[in-house]
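J.: Please find one structure pasted underneath; my questions will follow.
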Amino acid sequence: MRLRQITLRHFRNVAEATVEFAGRQTFLLGPNAQGKTNLLEAVGFLTALRSFRTSDVRLLVARGQPAASLAFVLEHERQGETQVRIVLRPEGRELHCDGEKITRLADYLGRFPTVVFSAQDLQLLRGAPALRRRWLDLTLAAMDGGYLGSLQAFVRAVASRNALLKSGRAAAAELDAFEAALAPAAADLVRRRVAGVAALAVPCGAAYGLLGGGAEPAELIYRPDWAETDPAGWRRRLAEGRARDLAFRATLTGPHRDDLELRIGGGTARDFASEGQQRSAVLALRLAQAAWFRDRSGVAPIILADDVLGELDPGRRARFWSALPAESQVIATGTQLPGTGLGVDGVRWQVLRVSAGAFQAGEGIG
């Protein structure tokens, strides 16, 4: 898949801009806070109508404007030339693909994969389990409408059960009703997460081997709160935990307490890996995501690299470029040019200089 053109209106600090992409590699160059990441954020919306920076749509619409719009022209492996238009309003999103309005997100998922590499990805190792769960949910839901449906059902059911527990008036019959909806969703989430993490673990280990020069192996491991894939088992578990849940006024068992673990050389990356190893590990996680998207969709994802290489030594940086999917388009950002000879297979960079939400063509490098 190739992004050939994007038009933004009232998106963050971009009043109006049309950007043409030439070739396979584009570098957005400019000081911080000028709009480089905003453009990557807009491109990332193609996958699942979500920002990789915020869940609040209001932050994406320029101040004083009722809506923001994003329009894309793509060359697609399966659909040929395709046009996508997304309108963002505080109250929701509107999506059109080749002029047809799409009302069910599940009908859209899997068509336009993108993968964002961000300097903030280190928090996937160092941060709370909720960050890793969110990454896993977004990754699996982006290609699997069934996973999205189970996740939405589970979130609704656990929120309703928690509200009942907090009320202090939780009757057994009412808890039964919420648990009847919660149990099958929890069981299906665990089943899909087991399969999803197993599929991601293989390319993650392979990518880390490339980035780290093969010095030590890496493993991606799913740590479920409870590894049950039978809804009946979840019904029993929830019923048995009612007294404790009532005391704490919260549902203390479920997929909302799952975690992921990255291990390097047999030890947890969070606790024992060096800075360079940790950075390589999170890059490997994103490369695994790209490989999984390609496998599930049959479409080469667009790689969005947001100032991620500055802290890597030259060897790891060069191996990062060589590890990227050869068929993927790459859009990267930075405050300095990446240097000659860097990039996917030494391909020449298209350079766009970014200032105050405007994009101007610069001299290519490579």
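Letters A, B, ... mark the chains of the structure tokens in the order given; residue numbers begin at 1 per chain; ligand numbers begin at 1, in order shown.
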I need the strand (DSSP E or B) residues of stretch 273-327 of chain A per DSSP on the backbone, written as an MDAnalysis selection string.
T.: chainID A and resid 302:306
J.: Excluding stretch 222-232 of chain A and its own-chain neighbours fewer than 4 positions away, which residues fall within 8 Å of it when counting only C-alpha atoms? Please give them as a PyMOL selection string.
T.: chain A and resi 183-188+190-191+193-194+197+236+253-255+257-261
J.: May I have the selected residues written with C-alpha atoms, as a PDB file, in the first residue's frame?
T.:
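The result, stored in result.pdb:
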ATOM      1  CA  ALA A 183     -18.264 -14.382  30.850  1.00  0.00           C
ATOM      2  CA  PRO A 184     -18.430 -15.219  27.107  1.00  0.00           C
ATOM      3  CA  ALA A 185     -16.700 -11.950  26.203  1.00  0.00           C
ATOM      4  CA  ALA A 186     -13.903 -12.629  28.720  1.00  0.00           C
ATOM      5  CA  ALA A 187     -13.454 -16.197  27.488  1.00  0.00           C
ATOM      6  CA  ASP A 188     -13.296 -15.084  23.858  1.00  0.00           C
ATOM      7  CA  VAL A 190      -8.477 -14.729  26.363  1.00  0.00           C
ATOM      8  CA  ARG A 191      -8.746 -17.211  23.494  1.00  0.00           C
ATOM      9  CA  ARG A 193      -5.167 -13.062  22.962  1.00  0.00           C
ATOM     10  CA  VAL A 194      -3.515 -16.454  23.345  1.00  0.00           C
ATOM     11  CA  VAL A 197       0.376 -13.193  21.143  1.00  0.00           C
ATOM     12  CA  ARG A 236     -18.099 -19.848  38.190  1.00  0.00           C
ATOM     13  CA  THR A 253     -10.707 -10.842  37.979  1.00  0.00           C
ATOM     14  CA  GLY A 254     -10.722 -10.621  34.220  1.00  0.00           C
ATOM     15  CA  PRO A 255      -8.880  -9.770  30.997  1.00  0.00           C
ATOM     16  CA  ARG A 257      -5.940  -7.337  34.474  1.00  0.00           C
ATOM     17  CA  ASP A 258      -3.892  -9.214  31.854  1.00  0.00           C
ATOM     18  CA  ASP A 259      -0.311  -8.286  31.017  1.00  0.00           C
ATOM     19  CA  LEU A 260       2.402  -8.871  28.415  1.00  0.00           C
ATOM     20  CA  GLU A 261       6.023  -9.608  29.219  1.00  0.00           C
TER      21      GLU A 261
END
J.: Determine, using only C-alpha atoms, which residues of stretch 26-116 of chain A have any atom at most 9 Å from an atom of stretch 142-165 of chain A, and tabulate each with its shortest atom pair and distance in Å to one decimal place, rows ordered by chain and then rising number, as a tab-separated table.
T.:
residue	atom	partner	partner_atom	distance
A:Thr47	CA	A:Ala142	CA	6.5
A:Ala48	CA	A:Ala142	CA	5.8
A:Leu105	CA	A:Gly145	CA	8.0
A:Ala106	CA	A:Gly145	CA	4.8
A:Asp107	CA	A:Gly145	CA	7.7
A:Tyr108	CA	A:Gly145	CA	8.8
A:Leu109	CA	A:Ala142	CA	5.6
A:Gly110	CA	A:Met143	CA	4.4
A:Arg111	CA	A:Met143	CA	8.2
A:Pro113	CA	A:Ala142	CA	7.8
J.: Go ahead and save the picked residues with N, CA and C atoms, as a JSON list (two decimals), in the first residue's frame.
T.:
[["chain", "number", "residue", "atom", "x", "y", "z"],
["A", 47, "THR", "N", -5.94, 3.23, 9.85],
["A", 47, "THR", "CA", -6.07, 1.83, 10.26],
["A", 47, "THR", "C", -7.37, 1.54, 11.00],
["A", 48, "ALA", "N", -7.66, 2.31, 12.04],
["A", 48, "ALA", "CA", -8.83, 2.00, 12.86],
["A", 48, "ALA", "C", -9.53, 3.25, 13.39],
["A", 105, "LEU", "N", -17.56, -0.03, 11.90],
["A", 105, "LEU", "CA", -16.11, -0.08, 11.88],
["A", 105, "LEU", "C", -15.61, -1.47, 11.52],
["A", 106, "ALA", "N", -16.33, -2.50, 11.93],
["A", 106, "ALA", "CA", -15.91, -3.87, 11.64],
["A", 106, "ALA", "C", -15.83, -4.13, 10.13],
["A", 107, "ASP", "N", -16.62, -3.40, 9.34],
["A", 107, "ASP", "CA", -16.59, -3.57, 7.89],
["A", 107, "ASP", "C", -15.36, -2.91, 7.26],
["A", 108, "TYR", "N", -14.67, -2.09, 8.03],
["A", 108, "TYR", "CA", -13.54, -1.31, 7.52],
["A", 108, "TYR", "C", -12.19, -1.86, 7.99],
["A", 109, "LEU", "N", -12.19, -2.48, 9.16],
["A", 109, "LEU", "CA", -10.94, -2.92, 9.77],
["A", 109, "LEU", "C", -10.18, -3.88, 8.85],
["A", 110, "GLY", "N", -8.85, -3.73, 8.87],
["A", 110, "GLY", "CA", -7.99, -4.62, 8.12],
["A", 110, "GLY", "C", -7.64, -4.16, 6.72],
["A", 111, "ARG", "N", -8.24, -3.08, 6.26],
["A", 111, "ARG", "CA", -8.01, -2.65, 4.88],
["A", 111, "ARG", "C", -6.72, -1.84, 4.72],
["A", 113, "PRO", "N", -3.58, -0.95, 6.83],
["A", 113, "PRO", "CA", -2.72, -1.05, 8.01],
["A", 113, "PRO", "C", -1.59, -0.01, 8.02]]
J.: Using only C-alpha atoms, which residue out of A:Ala15, A:Leu252, A:Leu238, A:Leu74 lies closest to A:Ala177?
T.: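 Among the listed residues, A:Leu238 lies closest to A:Ala177.
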J.: Residues at most 10 Å from A:Leu262, counting only C-alpha atoms, excluding those fewer than 5 positions away in the same chain, as a compact mmCIF listing (two decimals) with C-alpha atoms, in the first residue's frame?
T.:
# COMPACT_ATOMS: atom_id res chain seq x y z
CA LEU A 124 5.38 -0.31 26.64
CA LEU A 125 8.20 -1.84 28.67
CA ALA A 201 5.93 -13.70 19.37
CA CYS A 204 9.08 -10.25 17.56
CA GLY A 205 11.86 -12.69 18.39
CA ALA A 218 13.88 -12.29 22.99
CA GLU A 219 10.47 -13.67 23.98
CA LEU A 220 7.00 -12.14 24.03
CA ILE A 221 4.80 -13.82 26.64
CA TYR A 222 1.10 -13.41 27.45
CA GLY A 267 15.35 -12.08 32.04
CA THR A 268 12.54 -9.53 32.00
CA ALA A 269 13.46 -6.67 29.69
CA ARG A 270 11.90 -4.13 32.04
CA GLN A 278 15.09 -2.00 25.75
CA ALA A 281 12.91 -4.63 22.19
CA VAL A 282 10.16 -2.06 21.64
CA LEU A 285 7.48 -5.26 19.12
J.: Mind dumping a table of every stretch 268-334 of chain A residue within 8 Å of stretch 28-42 of chain A, with the nearest atom pair and its distance in Å to one decimal, using only C-alpha atoms, sorted by chain and rising number, as JSON lines?
T.:
{"residue": "A:Leu304", "atom": "CA", "partner": "A:Leu40", "partner_atom": "CA", "distance": 6.3}
{"residue": "A:Asp306", "atom": "CA", "partner": "A:Thr37", "partner_atom": "CA", "distance": 6.5}
{"residue": "A:Ile331", "atom": "CA", "partner": "A:Leu28", "partner_atom": "CA", "distance": 7.5}
{"residue": "A:Ala332", "atom": "CA", "partner": "A:Leu28", "partner_atom": "CA", "distance": 6.1}
{"residue": "A:Thr333", "atom": "CA", "partner": "A:Leu28", "partner_atom": "CA", "distance": 4.6}
{"residue": "A:Gly334", "atom": "CA", "partner": "A:Leu29", "partner_atom": "CA", "distance": 5.4}
J.: Report as a ChimeraX atom specification: the residues of stretch 252-303 of chain A with a DSSP assignment of helix (DSSP H, G or I), based on the backbone of this structure.
T.: /A:255-257,269-272,275-297
J.: Within 7 Å of stretch 95-99 of chain A, counting only C-alpha atoms, which residues show up once you throw out same-chain ones fewer than 2 positions away? Write them as an NGL selection string, please.
T.: :A and (82-87 or 93 or 101-102)
J.: Emit the selected residues as a PDB file, in the first residue's frame, including C-alpha atoms.
T.:
ATOM      1  CA  THR A  82      -8.632   4.236  -3.296  1.00  0.00           C
ATOM      2  CA  GLN A  83      -9.886   7.406  -1.645  1.00  0.00           C
ATOM      3  CA  VAL A  84     -10.671   7.604   2.053  1.00  0.00           C
ATOM      4  CA  ARG A  85     -12.201  10.584   3.849  1.00  0.00           C
ATOM      5  CA  ILE A  86     -12.545  10.915   7.607  1.00  0.00           C
ATOM      6  CA  VAL A  87     -14.425  13.723   9.369  1.00  0.00           C
ATOM      7  CA  ARG A  93     -16.330  10.279  13.454  1.00  0.00           C
ATOM      8  CA  LYS A 101     -20.285   5.994   3.792  1.00  0.00           C
ATOM      9  CA  ILE A 102     -19.197   3.231   6.146  1.00  0.00           C
TER      10      ILE A 102
END
J.: Please, what distance in Å, to one decimal, runs between atom CA of A:Ala67 and atom CA of A:Gly92?
T.: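 Between these atoms lies a distance of 9.8 Å.
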J.: Separation of atom CA of A:Leu122 and atom CA of A:Phe21, in Å?
T.: 29.0 Å
J.: Taking 3 positions as the minimum chain separation for residues in the same chain, which residues sit within 6 Å of stretch 55-65 of chain A when counting only C-alpha atoms? Answer as an MDAnalysis selection string.
T.: chainID A and resid 10:12 68 90
J.: Take the residues just selected and output them with C-alpha atoms as an mmCIF file, in the first residue's frame.
T.:
data_model
loop_
_atom_site.group_PDB
_atom_site.id
_atom_site.type_symbol
_atom_site.label_atom_id
_atom_site.label_comp_id
_atom_site.auth_asym_id
_atom_site.auth_seq_id
_atom_site.Cartn_x
_atom_site.Cartn_y
_atom_site.Cartn_z
ATOM 1 C CA HIS A 10 -8.383 22.061 10.758
ATOM 2 C CA PHE A 11 -6.479 19.089 12.145
ATOM 3 C CA ARG A 12 -4.487 20.154 15.213
ATOM 4 C CA ALA A 68 -11.528 18.413 11.140
ATOM 5 C CA PRO A 90 -16.363 16.240 19.082
#
J.: Go through A:Ala172, A:Ala130, A:Leu210, A:Leu3 and flag the residue nearest A:Gly315, using only C-alpha atoms for the distances.
T.: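 Closest candidate: A:Leu210.
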J.: With a distance cut-off of 10 Å and only C-alpha atoms, select the neighbouring residues of A:Arg294, excluding the residue or stretch itself and same-chain residues fewer than 4 positions from it, and output the selection as a list in words.
T.: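 After dropping sequence-adjacent residues, the list is Gly110, Pro113, Thr114, Met143, Ala288, Gln289, Ala290, Gly298, Val299, Ala300, Pro301, Pro325 and Ser328 of chain A.
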J.: Select, from A:Ala199, A:Ala141, A:Ala247, A:Met1, the residue with the minimum atom-to-atom distance to A:Gly80, counting only C-alpha atoms.
T.: A:Met1
J.: One decimal, Å: what's the distance from atom CA of A:Ala206 over to atom CA of A:Ala326, could you say?
T.: 15.5 Å
J.: For A:Phe359, which residue among A:Thr18, A:Arg2, A:Phe117, A:Ala198 is the nearest when counting only C-alpha atoms?
T.: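 Smallest distance to A:Phe359 is found for A:Thr18.
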